[in-house]
Structures are given as C-alpha cells and as structure tokens.
Amino acid sequence: MKRVLFLVLVATALVACNDKKSKTETDASAPIEKESVEQTEEVITEILPIEKKETFQLIIPAYYAEEFEANVIKSIHTNWLELRENKGKFIVQKAKYNLSEPTLNECTGDMEIGIFSPEETEPLFFFSPKNKNIKEGKIVSLSTKVIPFWTENTVEFKFNEDVYQFTATGKLKETYKYTDDESSEEKTFKNYENYKLYLQVNGKAKQMIFEQEGFSDTFVKLLFVGDLDGDGKLDFILDTPADYEQDVIRVFLSNGAKGYLYEAAMGQDDFSC
C-alpha cells in the first residue's frame, strides 16, 4: 500500500513540475518583448522631413561657362564674404577675389569665366551677406576628421552638452580599395544607391538631412562642423557630388530650422569634359 501511495505522489509531483514548466514557457513567449519592439519601432519611424530655404548665395572658386553661368559670377560684389580654412580653423572675412577674362575651355568648347582668390589658397566658398546671423570673425568649429557617413556607421559629435548623431540608409552596390594623391595609405570606397542621411539630437526624432539616388566614384564629404550662425548649435557643410567631376557644396544651418537643420545655400561646380 505504501509503495502504491509513493508512486502516486511521484506521479503527482511530475505533473505539477510539467505544469510549472509549461507555464514558464508560456510566460517567456508572452507579448512583453513584442510590445518593447513595437515601442522601439514607433520611436524610429518618427522622421522629420528635409528642410530647404535659401538664405544666401554661394559661389565655389572655379571656372564657369560664360553662356550659362555668368549671371552667377556677376552677382558677386565687394560686400560679399568668404569662408576660409587655415590649419583646421575657420574664419569669415571680406571676400577677396579676381574675375578672369573669358577663356576657352578646349575640352568642352565653352567660353568660361573664372573666380578665384588672389591668395595662395582658395576659400571654401564666397557667399552673399544676406544671412545676418553669419558674421565676420573666427568661427567655432570641431574636427572634420571623422569616419565616413556609411550606412553601418554612426558619426557622433558633442557640442554644448548636446549629442549629434548621423546615421544613413541605402543599398550598397560595391566596395573597393584605392589610393590617391593625398597619401599612399590604402582607402576604402563604398558606392550606394537610394542613399539617405539622417541627424538625431539627444536621442530624439531623426531628421532627414540629405538624399541622393546614387553616386559615381564619389561620396558625401564633411567640409565643416561648427557654429556658423552663432546660435550655440552645430551647423554643417557637406560636399555631396553625384559624380566625381563635380563639387556640390551644401550649407546646413540650425538657426531658424523647424527640425535640427535646414539647407540654407547650395553651390556647384561641374568640371566634367
């Protein structure tokens, strides 16, 4: 009788143990993690749109086709300013420039007018003084030696207790190694299509800053990061050419933006043959 009773107790214990294990497994698959994922997705999908409003004109030092772009050159005058870099430091000062006589580009057959500085080095660009927030003098800036804006990278800057994080999306088409005239060190190039660059400040909503369908042997390059408009927040200048025979400089300012930044000016130089 005792043996039978013992077997009944063991069986009961095993059933209870299985029930407990079953409940534990059920609890582990409860929708707690799913709810957490849904909350994360809800934050990530909060994307602020690109903002653009031209607040000043911008001219890159270069030659421009007389027939099509001389009107751009003619707009510059003695009140214009220039943004110049010297050993990693930036300054806004009165523009110093010379206009060339019309010159034949033997490659394209176009007559061109050049605008260049009389100094040994060229400024980043010349620009009109229409944006009153950009004043003459030394500009607070950070180092531009950062990792590329690739889709697998997060590029971060800290300024006045704010954290700025750049991320990107896009389809990687190719990757290859190369060297150039700047140094013999091997570099990596990545080519994307449907590329989008985002900025997030202090972990809040992301804002799309720039998008491009594709690149031809070129990529986004950071030219300046600092407080250009004097509001205590970071501004950025990017070179965003679609082709390696182009320069497309875009100035992104924070003062007056609905989100974090707006594109305040854009200048381009196409030196393709």
# chains A, B, ... in the order shown; residues from 1 in each chain; ligands from 1
call {"tool": "closest_atom_pairs", "arguments": {"of": "region 109-143 of chain A", "to": "region 83-102 of chain A", "cutoff": "6 Å", "atoms": "only C-alpha atoms", "output": "Markdown table"}}
result
| residue | atom | partner | partner_atom | distance |
| --- | --- | --- | --- | --- |
| A:Met111 | CA | A:Pro102 | CA | 5.8 |
| A:Glu112 | CA | A:Pro102 | CA | 5.2 |
| A:Ile113 | CA | A:Pro102 | CA | 4.9 |
| A:Gly114 | CA | A:Ser100 | CA | 5.0 |
| A:Ile115 | CA | A:Leu99 | CA | 4.7 |
| A:Phe116 | CA | A:Tyr97 | CA | 5.4 |
| A:Ser117 | CA | A:Tyr97 | CA | 4.3 |
| A:Pro123 | CA | A:Arg84 | CA | 4.4 |
| A:Leu124 | CA | A:Arg84 | CA | 5.6 |
| A:Phe125 | CA | A:Leu83 | CA | 5.8 |
| A:Glu136 | CA | A:Val92 | CA | 4.7 |
| A:Gly137 | CA | A:Val92 | CA | 5.2 |
| A:Lys138 | CA | A:Ile91 | CA | 4.3 |
| A:Ile139 | CA | A:Ile91 | CA | 5.4 |
call {"tool": "write_last_selection", "arguments": {"atoms": "N, CA and C atoms", "output": "PDB file, in the first residue's frame"}}
result
ATOM      1  N   MET A 111      33.181  79.071 -73.593  1.00  0.00           N
ATOM      2  CA  MET A 111      33.915  80.193 -73.027  1.00  0.00           C
ATOM      3  C   MET A 111      33.580  80.243 -71.535  1.00  0.00           C
ATOM      4  N   GLU A 112      34.600  80.405 -70.711  1.00  0.00           N
ATOM      5  CA  GLU A 112      34.392  80.356 -69.264  1.00  0.00           C
ATOM      6  C   GLU A 112      34.964  81.593 -68.582  1.00  0.00           C
ATOM      7  N   ILE A 113      34.367  81.929 -67.440  1.00  0.00           N
ATOM      8  CA  ILE A 113      34.857  82.996 -66.576  1.00  0.00           C
ATOM      9  C   ILE A 113      35.250  82.361 -65.243  1.00  0.00           C
ATOM     10  N   GLY A 114      36.435  82.676 -64.769  1.00  0.00           N
ATOM     11  CA  GLY A 114      36.894  82.121 -63.504  1.00  0.00           C
ATOM     12  C   GLY A 114      36.781  83.123 -62.376  1.00  0.00           C
ATOM     13  N   ILE A 115      36.503  82.636 -61.191  1.00  0.00           N
ATOM     14  CA  ILE A 115      36.506  83.467 -59.991  1.00  0.00           C
ATOM     15  C   ILE A 115      37.397  82.779 -58.971  1.00  0.00           C
ATOM     16  N   PHE A 116      38.490  83.480 -58.601  1.00  0.00           N
ATOM     17  CA  PHE A 116      39.486  82.889 -57.712  1.00  0.00           C
ATOM     18  C   PHE A 116      40.029  83.954 -56.762  1.00  0.00           C
ATOM     19  N   SER A 117      40.591  83.484 -55.670  1.00  0.00           N
ATOM     20  CA  SER A 117      41.183  84.376 -54.684  1.00  0.00           C
ATOM     21  C   SER A 117      42.576  84.781 -55.117  1.00  0.00           C
ATOM     22  N   PRO A 123      39.381  80.048 -50.674  1.00  0.00           N
ATOM     23  CA  PRO A 123      38.415  79.840 -49.589  1.00  0.00           C
ATOM     24  C   PRO A 123      37.530  78.644 -49.900  1.00  0.00           C
ATOM     25  N   LEU A 124      36.801  78.208 -48.907  1.00  0.00           N
ATOM     26  CA  LEU A 124      35.848  77.117 -49.141  1.00  0.00           C
ATOM     27  C   LEU A 124      34.811  77.571 -50.157  1.00  0.00           C
ATOM     28  N   PHE A 125      34.335  78.816 -49.986  1.00  0.00           N
ATOM     29  CA  PHE A 125      33.428  79.428 -50.953  1.00  0.00           C
ATOM     30  C   PHE A 125      33.283  80.915 -50.666  1.00  0.00           C
ATOM     31  N   GLU A 136      31.268  88.265 -39.577  1.00  0.00           N
ATOM     32  CA  GLU A 136      32.709  88.186 -39.781  1.00  0.00           C
ATOM     33  C   GLU A 136      33.416  87.812 -38.484  1.00  0.00           C
ATOM     34  N   GLY A 137      34.535  87.113 -38.619  1.00  0.00           N
ATOM     35  CA  GLY A 137      35.328  86.741 -37.457  1.00  0.00           C
ATOM     36  C   GLY A 137      35.607  85.253 -37.413  1.00  0.00           C
ATOM     37  N   LYS A 138      36.310  84.828 -36.356  1.00  0.00           N
ATOM     38  CA  LYS A 138      36.638  83.413 -36.188  1.00  0.00           C
ATOM     39  C   LYS A 138      35.385  82.617 -35.865  1.00  0.00           C
ATOM     40  N   ILE A 139      35.312  81.418 -36.408  1.00  0.00           N
ATOM     41  CA  ILE A 139      34.152  80.553 -36.236  1.00  0.00           C
ATOM     42  C   ILE A 139      34.525  79.365 -35.334  1.00  0.00           C
TER      43      ILE A 139
END
call {"tool": "select_by_dssp", "arguments": {"residues": "region 51-268 of chain A", "states": "helix (DSSP H, G or I)", "output": "ChimeraX atom specification"}}
result
/A:66-74
call {"tool": "atom_distance", "arguments": {"atom1": "CA of Asn153 (chain A)", "atom2": "CA of Gly230 (chain A)"}}
result
28.7 Å
call {"tool": "select_by_dssp", "arguments": {"residues": "region 30-163 of chain A", "states": "strand (DSSP E or B)", "output": "mmCIF file with C-alpha atoms, in the first residue's frame"}}
result
data_model
loop_
_atom_site.group_PDB
_atom_site.id
_atom_site.type_symbol
_atom_site.label_atom_id
_atom_site.label_comp_id
_atom_site.auth_asym_id
_atom_site.auth_seq_id
_atom_site.Cartn_x
_atom_site.Cartn_y
_atom_site.Cartn_z
ATOM 1 C CA ILE A 47 11.257 61.059 -39.152
ATOM 2 C CA LEU A 48 11.333 64.817 -39.657
ATOM 3 C CA LYS A 52 15.307 73.879 -47.539
ATOM 4 C CA LEU A 58 27.162 80.693 -52.617
ATOM 5 C CA ILE A 59 29.894 80.503 -55.268
ATOM 6 C CA ALA A 62 36.119 77.725 -60.149
ATOM 7 C CA TYR A 63 35.608 78.381 -63.859
ATOM 8 C CA TYR A 64 32.019 78.769 -65.031
ATOM 9 C CA ALA A 65 30.587 78.603 -68.542
ATOM 10 C CA LEU A 81 32.145 87.380 -47.668
ATOM 11 C CA GLU A 82 34.238 84.230 -47.819
ATOM 12 C CA LEU A 83 34.603 81.222 -45.526
ATOM 13 C CA ARG A 84 38.257 80.278 -45.262
ATOM 14 C CA GLU A 85 40.049 77.433 -43.502
ATOM 15 C CA ASN A 86 43.581 77.659 -42.127
ATOM 16 C CA LYS A 89 40.436 76.789 -38.063
ATOM 17 C CA PHE A 90 37.718 78.692 -39.909
ATOM 18 C CA ILE A 91 37.157 82.405 -40.375
ATOM 19 C CA VAL A 92 34.543 84.542 -42.144
ATOM 20 C CA GLN A 93 36.022 87.644 -43.750
ATOM 21 C CA LYS A 94 35.543 90.094 -46.598
ATOM 22 C CA ASN A 98 39.505 88.228 -59.097
ATOM 23 C CA LEU A 99 37.405 87.569 -62.187
ATOM 24 C CA THR A 103 38.699 81.774 -71.515
ATOM 25 C CA LEU A 104 38.106 78.944 -73.955
ATOM 26 C CA MET A 111 33.915 80.193 -73.027
ATOM 27 C CA GLU A 112 34.392 80.356 -69.264
ATOM 28 C CA ILE A 113 34.857 82.996 -66.576
ATOM 29 C CA GLY A 114 36.894 82.121 -63.504
ATOM 30 C CA ILE A 115 36.506 83.467 -59.991
ATOM 31 C CA PHE A 116 39.486 82.889 -57.712
ATOM 32 C CA PHE A 125 33.428 79.428 -50.953
ATOM 33 C CA PHE A 126 32.350 83.030 -51.498
ATOM 34 C CA PHE A 127 28.877 83.999 -50.263
ATOM 35 C CA GLY A 137 35.328 86.741 -37.457
ATOM 36 C CA LYS A 138 36.638 83.413 -36.188
ATOM 37 C CA ILE A 139 34.152 80.553 -36.236
ATOM 38 C CA VAL A 140 33.858 77.926 -33.505
ATOM 39 C CA SER A 141 34.484 74.595 -35.218
ATOM 40 C CA VAL A 155 29.005 59.578 -36.703
ATOM 41 C CA GLU A 156 28.727 61.447 -33.410
ATOM 42 C CA PHE A 157 29.566 64.986 -32.281
ATOM 43 C CA LYS A 158 29.203 66.530 -28.812
ATOM 44 C CA PHE A 159 28.734 70.292 -28.500
ATOM 45 C CA ASP A 162 24.130 68.203 -26.941
ATOM 46 C CA VAL A 163 24.849 64.920 -28.737
#
call {"tool": "closest_residue", "arguments": {"among": "A:Asn255, A:Thr154, A:Asn194, A:Thr78", "to": "Gly170 (chain A)", "atoms": "only C-alpha atoms"}}
result
A:Asn194
call {"tool": "residues_around", "arguments": {"residues": "region 205-209 of chain A", "least_positions_apart": "5", "cutoff": "6 Å", "atoms": "only C-alpha atoms", "output": "list in words"}}
result
Glu46, Ile47, Leu48, Pro49, Ile50, Leu197, Tyr198, Leu199 and Gln200 of chain A
call {"tool": "write_last_selection", "arguments": {"atoms": "all heavy atoms", "output": "PDB file, in the first residue's frame"}}
result
ATOM      1  N   GLU A  46       9.674  57.996 -36.337  1.00  0.00           N
ATOM      2  CA  GLU A  46       9.403  59.429 -36.241  1.00  0.00           C
ATOM      3  C   GLU A  46      10.500  60.173 -37.004  1.00  0.00           C
ATOM      4  O   GLU A  46      11.558  60.483 -36.469  1.00  0.00           O
ATOM      5  CB  GLU A  46       9.365  59.871 -34.777  1.00  0.00           C
ATOM      6  CG  GLU A  46       8.912  61.315 -34.594  1.00  0.00           C
ATOM      7  CD  GLU A  46       8.871  61.712 -33.123  1.00  0.00           C
ATOM      8  OE1 GLU A  46       9.176  60.866 -32.261  1.00  0.00           O
ATOM      9  OE2 GLU A  46       8.548  62.884 -32.864  1.00  0.00           O
ATOM     10  N   ILE A  47      10.262  60.443 -38.276  1.00  0.00           N
ATOM     11  CA  ILE A  47      11.257  61.059 -39.152  1.00  0.00           C
ATOM     12  C   ILE A  47      10.792  62.462 -39.550  1.00  0.00           C
ATOM     13  O   ILE A  47       9.707  62.635 -40.110  1.00  0.00           O
ATOM     14  CB  ILE A  47      11.481  60.220 -40.426  1.00  0.00           C
ATOM     15  CG1 ILE A  47      11.883  58.781 -40.067  1.00  0.00           C
ATOM     16  CG2 ILE A  47      12.555  60.879 -41.300  1.00  0.00           C
ATOM     17  CD1 ILE A  47      13.202  58.653 -39.363  1.00  0.00           C
ATOM     18  N   LEU A  48      11.618  63.446 -39.247  1.00  0.00           N
ATOM     19  CA  LEU A  48      11.333  64.817 -39.657  1.00  0.00           C
ATOM     20  C   LEU A  48      11.819  65.009 -41.097  1.00  0.00           C
ATOM     21  O   LEU A  48      12.834  64.429 -41.497  1.00  0.00           O
ATOM     22  CB  LEU A  48      12.025  65.810 -38.730  1.00  0.00           C
ATOM     23  CG  LEU A  48      11.694  65.676 -37.237  1.00  0.00           C
ATOM     24  CD1 LEU A  48      12.523  66.671 -36.423  1.00  0.00           C
ATOM     25  CD2 LEU A  48      10.207  65.895 -36.991  1.00  0.00           C
ATOM     26  N   PRO A  49      11.125  65.817 -41.877  1.00  0.00           N
ATOM     27  CA  PRO A  49      11.481  65.948 -43.305  1.00  0.00           C
ATOM     28  C   PRO A  49      12.682  66.847 -43.547  1.00  0.00           C
ATOM     29  O   PRO A  49      13.099  67.622 -42.673  1.00  0.00           O
ATOM     30  CB  PRO A  49      10.210  66.569 -43.902  1.00  0.00           C
ATOM     31  CG  PRO A  49       9.647  67.392 -42.774  1.00  0.00           C
ATOM     32  CD  PRO A  49       9.924  66.591 -41.525  1.00  0.00           C
ATOM     33  N   ILE A  50      13.216  66.769 -44.760  1.00  0.00           N
ATOM     34  CA  ILE A  50      14.264  67.690 -45.210  1.00  0.00           C
ATOM     35  C   ILE A  50      13.702  69.110 -45.239  1.00  0.00           C
ATOM     36  O   ILE A  50      12.563  69.343 -45.644  1.00  0.00           O
ATOM     37  CB  ILE A  50      14.759  67.300 -46.612  1.00  0.00           C
ATOM     38  CG1 ILE A  50      15.547  65.988 -46.558  1.00  0.00           C
ATOM     39  CG2 ILE A  50      15.617  68.400 -47.228  1.00  0.00           C
ATOM     40  CD1 ILE A  50      15.993  65.484 -47.913  1.00  0.00           C
ATOM     41  N   LEU A 197      20.645  60.425 -45.570  1.00  0.00           N
ATOM     42  CA  LEU A 197      21.428  60.785 -44.386  1.00  0.00           C
ATOM     43  C   LEU A 197      20.506  61.422 -43.354  1.00  0.00           C
ATOM     44  O   LEU A 197      19.730  62.331 -43.678  1.00  0.00           O
ATOM     45  CB  LEU A 197      22.544  61.754 -44.772  1.00  0.00           C
ATOM     46  CG  LEU A 197      23.493  62.196 -43.646  1.00  0.00           C
ATOM     47  CD1 LEU A 197      24.288  60.999 -43.114  1.00  0.00           C
ATOM     48  CD2 LEU A 197      24.443  63.283 -44.148  1.00  0.00           C
ATOM     49  N   TYR A 198      20.605  60.945 -42.102  1.00  0.00           N
ATOM     50  CA  TYR A 198      19.726  61.404 -41.019  1.00  0.00           C
ATOM     51  C   TYR A 198      20.546  61.984 -39.880  1.00  0.00           C
ATOM     52  O   TYR A 198      21.674  61.563 -39.615  1.00  0.00           O
ATOM     53  CB  TYR A 198      18.895  60.242 -40.469  1.00  0.00           C
ATOM     54  CG  TYR A 198      17.985  59.583 -41.472  1.00  0.00           C
ATOM     55  CD1 TYR A 198      18.425  58.493 -42.219  1.00  0.00           C
ATOM     56  CD2 TYR A 198      16.679  60.039 -41.669  1.00  0.00           C
ATOM     57  CE1 TYR A 198      17.588  57.876 -43.136  1.00  0.00           C
ATOM     58  CE2 TYR A 198      15.842  59.425 -42.591  1.00  0.00           C
ATOM     59  CZ  TYR A 198      16.303  58.345 -43.319  1.00  0.00           C
ATOM     60  OH  TYR A 198      15.484  57.724 -44.228  1.00  0.00           O
ATOM     61  N   LEU A 199      19.927  62.950 -39.155  1.00  0.00           N
ATOM     62  CA  LEU A 199      20.522  63.514 -37.948  1.00  0.00           C
ATOM     63  C   LEU A 199      19.557  63.341 -36.789  1.00  0.00           C
ATOM     64  O   LEU A 199      18.349  63.580 -36.920  1.00  0.00           O
ATOM     65  CB  LEU A 199      20.829  65.004 -38.139  1.00  0.00           C
ATOM     66  CG  LEU A 199      21.295  65.753 -36.885  1.00  0.00           C
ATOM     67  CD1 LEU A 199      22.612  65.185 -36.365  1.00  0.00           C
ATOM     68  CD2 LEU A 199      21.422  67.244 -37.162  1.00  0.00           C
ATOM     69  N   GLN A 200      20.104  62.932 -35.647  1.00  0.00           N
ATOM     70  CA  GLN A 200      19.334  62.782 -34.416  1.00  0.00           C
ATOM     71  C   GLN A 200      20.079  63.529 -33.311  1.00  0.00           C
ATOM     72  O   GLN A 200      21.293  63.374 -33.154  1.00  0.00           O
ATOM     73  CB  GLN A 200      19.201  61.305 -34.063  1.00  0.00           C
ATOM     74  CG  GLN A 200      18.240  61.000 -32.921  1.00  0.00           C
ATOM     75  CD  GLN A 200      18.061  59.501 -32.748  1.00  0.00           C
ATOM     76  OE1 GLN A 200      18.931  58.713 -33.099  1.00  0.00           O
ATOM     77  NE2 GLN A 200      16.928  59.096 -32.210  1.00  0.00           N
TER      78      GLN A 200
END
call {"tool": "closest_residue", "arguments": {"among": "A:Asn105, A:Thr144, A:Asn131, A:Asn79", "to": "Glu54 (chain A)", "atoms": "only C-alpha atoms"}}
result
A:Asn131
call {"tool": "atom_distance", "arguments": {"atom1": "CA of Phe166 (chain A)", "atom2": "CA of Lys145 (chain A)"}}
result
14.4 Å
call {"tool": "residues_around", "arguments": {"residues": "Phe252 (chain A)", "least_positions_apart": "6", "cutoff": "9 Å", "atoms": "only C-alpha atoms", "output": "list of chain:residue names"}}
result
A:Lys52, A:Ile209, A:Asp235, A:Phe236, A:Ile237, A:Leu238, A:Leu261, A:Tyr262, A:Glu263, A:Ala264, A:Ala265
call {"tool": "write_last_selection", "arguments": {"atoms": "all heavy atoms", "output": "PDB file, in the first residue's frame"}}
result
ATOM      1  N   LYS A  52      14.499  73.051 -46.644  1.00  0.00           N
ATOM      2  CA  LYS A  52      15.307  73.879 -47.539  1.00  0.00           C
ATOM      3  C   LYS A  52      14.703  75.278 -47.614  1.00  0.00           C
ATOM      4  O   LYS A  52      13.504  75.432 -47.834  1.00  0.00           O
ATOM      5  CB  LYS A  52      15.364  73.282 -48.952  1.00  0.00           C
ATOM      6  CG  LYS A  52      16.118  71.963 -49.061  1.00  0.00           C
ATOM      7  CD  LYS A  52      16.204  71.511 -50.514  1.00  0.00           C
ATOM      8  CE  LYS A  52      16.938  70.189 -50.645  1.00  0.00           C
ATOM      9  NZ  LYS A  52      17.078  69.767 -52.062  1.00  0.00           N
ATOM     10  N   ILE A 209      18.387  64.745 -43.621  1.00  0.00           N
ATOM     11  CA  ILE A 209      19.171  65.914 -43.983  1.00  0.00           C
ATOM     12  C   ILE A 209      19.434  65.980 -45.484  1.00  0.00           C
ATOM     13  O   ILE A 209      19.414  67.048 -46.090  1.00  0.00           O
ATOM     14  CB  ILE A 209      20.520  65.913 -43.220  1.00  0.00           C
ATOM     15  CG1 ILE A 209      20.279  65.864 -41.714  1.00  0.00           C
ATOM     16  CG2 ILE A 209      21.357  67.124 -43.583  1.00  0.00           C
ATOM     17  CD1 ILE A 209      19.426  66.998 -41.189  1.00  0.00           C
ATOM     18  N   ASP A 235      26.274  73.580 -36.930  1.00  0.00           N
ATOM     19  CA  ASP A 235      25.925  73.698 -38.342  1.00  0.00           C
ATOM     20  C   ASP A 235      26.907  72.827 -39.129  1.00  0.00           C
ATOM     21  O   ASP A 235      28.012  72.534 -38.650  1.00  0.00           O
ATOM     22  CB  ASP A 235      26.027  75.154 -38.801  1.00  0.00           C
ATOM     23  CG  ASP A 235      25.247  76.102 -37.898  1.00  0.00           C
ATOM     24  OD1 ASP A 235      24.037  75.884 -37.738  1.00  0.00           O
ATOM     25  OD2 ASP A 235      25.858  77.031 -37.339  1.00  0.00           O
ATOM     26  N   PHE A 236      26.529  72.462 -40.342  1.00  0.00           N
ATOM     27  CA  PHE A 236      27.344  71.528 -41.120  1.00  0.00           C
ATOM     28  C   PHE A 236      27.424  71.983 -42.577  1.00  0.00           C
ATOM     29  O   PHE A 236      26.473  72.536 -43.119  1.00  0.00           O
ATOM     30  CB  PHE A 236      26.747  70.121 -41.065  1.00  0.00           C
ATOM     31  CG  PHE A 236      26.689  69.549 -39.672  1.00  0.00           C
ATOM     32  CD1 PHE A 236      25.618  69.825 -38.836  1.00  0.00           C
ATOM     33  CD2 PHE A 236      27.712  68.738 -39.202  1.00  0.00           C
ATOM     34  CE1 PHE A 236      25.563  69.313 -37.545  1.00  0.00           C
ATOM     35  CE2 PHE A 236      27.664  68.223 -37.918  1.00  0.00           C
ATOM     36  CZ  PHE A 236      26.592  68.505 -37.090  1.00  0.00           C
ATOM     37  N   ILE A 237      28.590  71.738 -43.180  1.00  0.00           N
ATOM     38  CA  ILE A 237      28.767  71.974 -44.609  1.00  0.00           C
ATOM     39  C   ILE A 237      29.248  70.670 -45.221  1.00  0.00           C
ATOM     40  O   ILE A 237      30.254  70.098 -44.786  1.00  0.00           O
ATOM     41  CB  ILE A 237      29.780  73.099 -44.883  1.00  0.00           C
ATOM     42  CG1 ILE A 237      29.301  74.404 -44.242  1.00  0.00           C
ATOM     43  CG2 ILE A 237      29.972  73.288 -46.390  1.00  0.00           C
ATOM     44  CD1 ILE A 237      30.292  75.552 -44.386  1.00  0.00           C
ATOM     45  N   LEU A 238      28.526  70.193 -46.236  1.00  0.00           N
ATOM     46  CA  LEU A 238      28.840  68.922 -46.882  1.00  0.00           C
ATOM     47  C   LEU A 238      29.104  69.138 -48.366  1.00  0.00           C
ATOM     48  O   LEU A 238      28.485  69.998 -48.997  1.00  0.00           O
ATOM     49  CB  LEU A 238      27.676  67.934 -46.735  1.00  0.00           C
ATOM     50  CG  LEU A 238      27.194  67.598 -45.324  1.00  0.00           C
ATOM     51  CD1 LEU A 238      26.002  66.637 -45.403  1.00  0.00           C
ATOM     52  CD2 LEU A 238      28.304  67.007 -44.485  1.00  0.00           C
ATOM     53  N   LEU A 261      18.147  71.109 -38.683  1.00  0.00           N
ATOM     54  CA  LEU A 261      18.907  71.830 -39.691  1.00  0.00           C
ATOM     55  C   LEU A 261      18.034  72.124 -40.907  1.00  0.00           C
ATOM     56  O   LEU A 261      17.078  71.407 -41.176  1.00  0.00           O
ATOM     57  CB  LEU A 261      20.125  71.009 -40.160  1.00  0.00           C
ATOM     58  CG  LEU A 261      21.201  70.633 -39.144  1.00  0.00           C
ATOM     59  CD1 LEU A 261      22.197  69.664 -39.779  1.00  0.00           C
ATOM     60  CD2 LEU A 261      21.921  71.863 -38.623  1.00  0.00           C
ATOM     61  N   TYR A 262      18.394  73.176 -41.628  1.00  0.00           N
ATOM     62  CA  TYR A 262      17.797  73.416 -42.937  1.00  0.00           C
ATOM     63  C   TYR A 262      18.909  73.756 -43.917  1.00  0.00           C
ATOM     64  O   TYR A 262      19.951  74.292 -43.538  1.00  0.00           O
ATOM     65  CB  TYR A 262      16.756  74.534 -42.893  1.00  0.00           C
ATOM     66  CG  TYR A 262      17.321  75.933 -42.693  1.00  0.00           C
ATOM     67  CD1 TYR A 262      17.578  76.761 -43.778  1.00  0.00           C
ATOM     68  CD2 TYR A 262      17.578  76.425 -41.412  1.00  0.00           C
ATOM     69  CE1 TYR A 262      18.086  78.038 -43.614  1.00  0.00           C
ATOM     70  CE2 TYR A 262      18.083  77.698 -41.231  1.00  0.00           C
ATOM     71  CZ  TYR A 262      18.337  78.497 -42.326  1.00  0.00           C
ATOM     72  OH  TYR A 262      18.856  79.760 -42.157  1.00  0.00           O
ATOM     73  N   GLU A 263      18.715  73.399 -45.181  1.00  0.00           N
ATOM     74  CA  GLU A 263      19.694  73.716 -46.215  1.00  0.00           C
ATOM     75  C   GLU A 263      19.538  75.179 -46.591  1.00  0.00           C
ATOM     76  O   GLU A 263      18.555  75.578 -47.212  1.00  0.00           O
ATOM     77  CB  GLU A 263      19.502  72.821 -47.438  1.00  0.00           C
ATOM     78  CG  GLU A 263      20.579  73.023 -48.501  1.00  0.00           C
ATOM     79  CD  GLU A 263      20.369  72.150 -49.732  1.00  0.00           C
ATOM     80  OE1 GLU A 263      20.178  70.914 -49.562  1.00  0.00           O
ATOM     81  OE2 GLU A 263      20.377  72.710 -50.854  1.00  0.00           O
ATOM     82  N   ALA A 264      20.543  75.993 -46.218  1.00  0.00           N
ATOM     83  CA  ALA A 264      20.449  77.442 -46.391  1.00  0.00           C
ATOM     84  C   ALA A 264      21.057  77.926 -47.699  1.00  0.00           C
ATOM     85  O   ALA A 264      20.722  79.021 -48.167  1.00  0.00           O
ATOM     86  CB  ALA A 264      21.137  78.142 -45.219  1.00  0.00           C
ATOM     87  N   ALA A 265      21.953  77.154 -48.284  1.00  0.00           N
ATOM     88  CA  ALA A 265      22.586  77.551 -49.542  1.00  0.00           C
ATOM     89  C   ALA A 265      23.205  76.325 -50.201  1.00  0.00           C
ATOM     90  O   ALA A 265      23.580  75.365 -49.535  1.00  0.00           O
ATOM     91  CB  ALA A 265      23.646  78.625 -49.304  1.00  0.00           C
TER      92      ALA A 265
END
call {"tool": "closest_residue", "arguments": {"among": "A:Thr175, A:Phe215, A:Thr167, A:Glu161", "to": "Glu245 (chain A)", "atoms": "only C-alpha atoms"}}
result
A:Phe215
call {"tool": "atom_distance", "arguments": {"atom1": "CA of Pro129 (chain A)", "atom2": "CA of Glu211 (chain A)"}}
result
27.5 Å
call {"tool": "residues_around", "arguments": {"residues": "Ile249 (chain A)", "least_positions_apart": "5", "cutoff": "6 Å", "atoms": "only C-alpha atoms", "output": "PyMOL selection string"}}
result
chain A and resi 238-239+266-267
